[in-house]
Each structure stands twice: as C-alpha cells, then as structure tokens.
Amino acid sequence: MKIIEGKLNSKGKKIAIIGSRFNEFITSKLIGGSIDCYMRHGGEESSLVQYWVPGAYEIPLLAKKLAKLNKYDGIVCLGAVIRGATPHFDYVSAEVSKGIANVSLETDTPIVFG
C-alpha cells in the first residue's frame, strides 16, 4: 500500500496569526503555542505577523482580507468561545468555523483554526 503524508516544515513560510481579544487569557496561550510550534519546525519569528480582533466572530473577515493580499503562505486563527447556558456558543462557533473554511476554499490559502 502506498502511503502519502506531509512533513511539517515552517522554513521560509510567512504566516499570519489572528487572535481574538475576547477570552484573551486563553487565546494568548494558544498563540504562544502556535508560535512555539512554528519555530520548532524551522520558522523564523520575523516571518510571523500577529493580528488581534475583538472576538471570534470577527476572525473570518480578517482572514479573508489577509488571504486576498497574497502575502502569507498560511493563516492561523485562534479564538476561545466558552459554552454557557444559552445557545450563543453553538451559533458563534458554527459560523466562525464555516466562515474560516469558506475563506480557505475561496482563496486557496491554507487556514487552520483552534
């Protein structure tokens, strides 16, 4: 059986990181972890650009604007939506997930989120 798999190599890749300020005590840790992972796989800090948005709901719009610049090899989107007693979590997380996926498909830009 033939197995095809990728190799994670950040060398020479320019990456945008989008973080939401809402629940920043969580997103700041996620951003730190993504920077650490990028650096451990050969990336240079000078090739990273970090952007902030007010909340997770704003992430897809900025991701779309950045992807259309054709300036980045990939975009990392990080936000924290906490489930509460209302269905707000479901609405926000579903729309953000769909929005990010649509941007990636429309622009042929690798976009990941967490």
# chains A, B, ... in the order shown; residues from 1 in each chain; ligands from 1

$ residues_around --residues "region 27-32 of chain A" --least-positions-apart "4" --cutoff "10 Å" --atoms "only C-alpha atoms" --output "number ranges by chain"
A: 17-23, 36-38, 50, 76-81, 114

$ residues_around --residues "Thr107 (chain A)" --least-positions-apart "2" --cutoff "7 Å" --atoms "only C-alpha atoms" --output "list in words"
Ala67, Lys68, Val103, Ser104, Leu105 and Thr109 of chain A

$ write_last_selection --atoms "C-alpha atoms" --output "PDB file, in the first residue's frame"
ATOM      1  CA  ALA A  67      -5.711  35.855   2.309  1.00  0.00           C
ATOM      2  CA  LYS A  68      -6.622  38.208  -0.537  1.00  0.00           C
ATOM      3  CA  VAL A 103     -12.223  31.657   3.100  1.00  0.00           C
ATOM      4  CA  SER A 104      -9.703  28.857   2.744  1.00  0.00           C
ATOM      5  CA  LEU A 105     -11.629  27.260  -0.124  1.00  0.00           C
ATOM      6  CA  THR A 109      -4.950  29.640   1.259  1.00  0.00           C
TER       7      THR A 109
END

$ select_by_dssp --residues "region 26-104 of chain A" --states "strand (DSSP E)" --output "number ranges by chain"
A: 48-53, 74-78

$ atom_distance --atom1 "CA of Lys71 (chain A)" --atom2 "CA of Val49 (chain A)"
10.7 Å

$ closest_residue --among "A:Ile26, A:Gly6, A:Phe113, A:Ile100" --to "Lys64 (chain A)" --atoms "only C-alpha atoms"
A:Ile100

$ closest_residue --among "A:Ile82, A:Val92, A:Met39, A:Ile111" --to "Leu66 (chain A)" --atoms "only C-alpha atoms"
A:Ile111

$ atom_distance --atom1 "CA of Glu106 (chain A)" --atom2 "CA of Leu69 (chain A)"
13.2 Å

$ atom_distance --atom1 "CA of Ser46 (chain A)" --atom2 "CA of Ile15 (chain A)"
9.8 Å

$ select_by_dssp --residues "chain A" --states "alpha helix (DSSP H)" --output "PDB file with C-alpha atoms, in the first residue's frame"
ATOM      1  CA  GLU A  24      -7.547  36.591  25.798  1.00  0.00           C
ATOM      2  CA  PHE A  25      -6.299  34.686  28.839  1.00  0.00           C
ATOM      3  CA  ILE A  26      -6.938  31.559  26.745  1.00  0.00           C
ATOM      4  CA  THR A  27      -6.115  32.819  23.255  1.00  0.00           C
ATOM      5  CA  SER A  28      -2.779  34.269  24.343  1.00  0.00           C
ATOM      6  CA  LYS A  29      -1.701  30.770  25.428  1.00  0.00           C
ATOM      7  CA  LEU A  30      -2.899  29.306  22.118  1.00  0.00           C
ATOM      8  CA  ILE A  31      -0.944  31.953  20.224  1.00  0.00           C
ATOM      9  CA  GLY A  32       2.165  31.231  22.282  1.00  0.00           C
ATOM     10  CA  GLY A  33       1.840  27.535  21.494  1.00  0.00           C
ATOM     11  CA  SER A  34       1.407  28.147  17.772  1.00  0.00           C
ATOM     12  CA  ILE A  35       4.477  30.392  17.698  1.00  0.00           C
ATOM     13  CA  ASP A  36       6.482  27.742  19.554  1.00  0.00           C
ATOM     14  CA  CYS A  37       5.372  25.037  17.098  1.00  0.00           C
ATOM     15  CA  TYR A  38       6.203  27.238  14.102  1.00  0.00           C
ATOM     16  CA  MET A  39       9.687  27.977  15.463  1.00  0.00           C
ATOM     17  CA  ARG A  40      10.404  24.325  16.355  1.00  0.00           C
ATOM     18  CA  ILE A  59     -11.877  36.189  12.639  1.00  0.00           C
ATOM     19  CA  PRO A  60     -13.241  35.051   9.228  1.00  0.00           C
ATOM     20  CA  LEU A  61     -13.457  38.601   7.853  1.00  0.00           C
ATOM     21  CA  LEU A  62      -9.860  39.424   8.737  1.00  0.00           C
ATOM     22  CA  ALA A  63      -8.729  36.017   7.464  1.00  0.00           C
ATOM     23  CA  LYS A  64     -10.391  36.797   4.127  1.00  0.00           C
ATOM     24  CA  LYS A  65      -8.765  40.230   3.888  1.00  0.00           C
ATOM     25  CA  LEU A  66      -5.332  38.788   4.706  1.00  0.00           C
ATOM     26  CA  ALA A  67      -5.711  35.855   2.309  1.00  0.00           C
ATOM     27  CA  LYS A  68      -6.622  38.208  -0.537  1.00  0.00           C
ATOM     28  CA  HIS A  88     -24.776  31.501  21.830  1.00  0.00           C
ATOM     29  CA  PHE A  89     -21.740  29.164  21.791  1.00  0.00           C
ATOM     30  CA  ASP A  90     -23.334  26.994  19.094  1.00  0.00           C
ATOM     31  CA  TYR A  91     -24.173  29.965  16.867  1.00  0.00           C
ATOM     32  CA  VAL A  92     -20.788  31.641  17.132  1.00  0.00           C
ATOM     33  CA  SER A  93     -18.622  28.536  16.827  1.00  0.00           C
ATOM     34  CA  ALA A  94     -20.621  27.180  13.860  1.00  0.00           C
ATOM     35  CA  GLU A  95     -20.497  30.445  11.915  1.00  0.00           C
ATOM     36  CA  VAL A  96     -16.812  31.053  12.627  1.00  0.00           C
ATOM     37  CA  SER A  97     -15.934  27.505  11.552  1.00  0.00           C
ATOM     38  CA  LYS A  98     -17.927  27.826   8.321  1.00  0.00           C
ATOM     39  CA  GLY A  99     -16.518  31.276   7.628  1.00  0.00           C
ATOM     40  CA  ILE A 100     -12.907  30.161   8.017  1.00  0.00           C
ATOM     41  CA  ALA A 101     -13.471  27.069   5.853  1.00  0.00           C
ATOM     42  CA  ASN A 102     -15.107  29.179   3.132  1.00  0.00           C
ATOM     43  CA  VAL A 103     -12.223  31.657   3.100  1.00  0.00           C
ATOM     44  CA  SER A 104      -9.703  28.857   2.744  1.00  0.00           C
ATOM     45  CA  LEU A 105     -11.629  27.260  -0.124  1.00  0.00           C
ATOM     46  CA  GLU A 106     -12.304  30.572  -1.908  1.00  0.00           C
ATOM     47  CA  THR A 107      -8.717  31.817  -1.725  1.00  0.00           C
TER      48      THR A 107
END

$ closest_residue --among "A:Val112, A:Ala85, A:Leu48, A:Ile75" --to "Lys11 (chain A)" --atoms "only C-alpha atoms"
A:Leu48
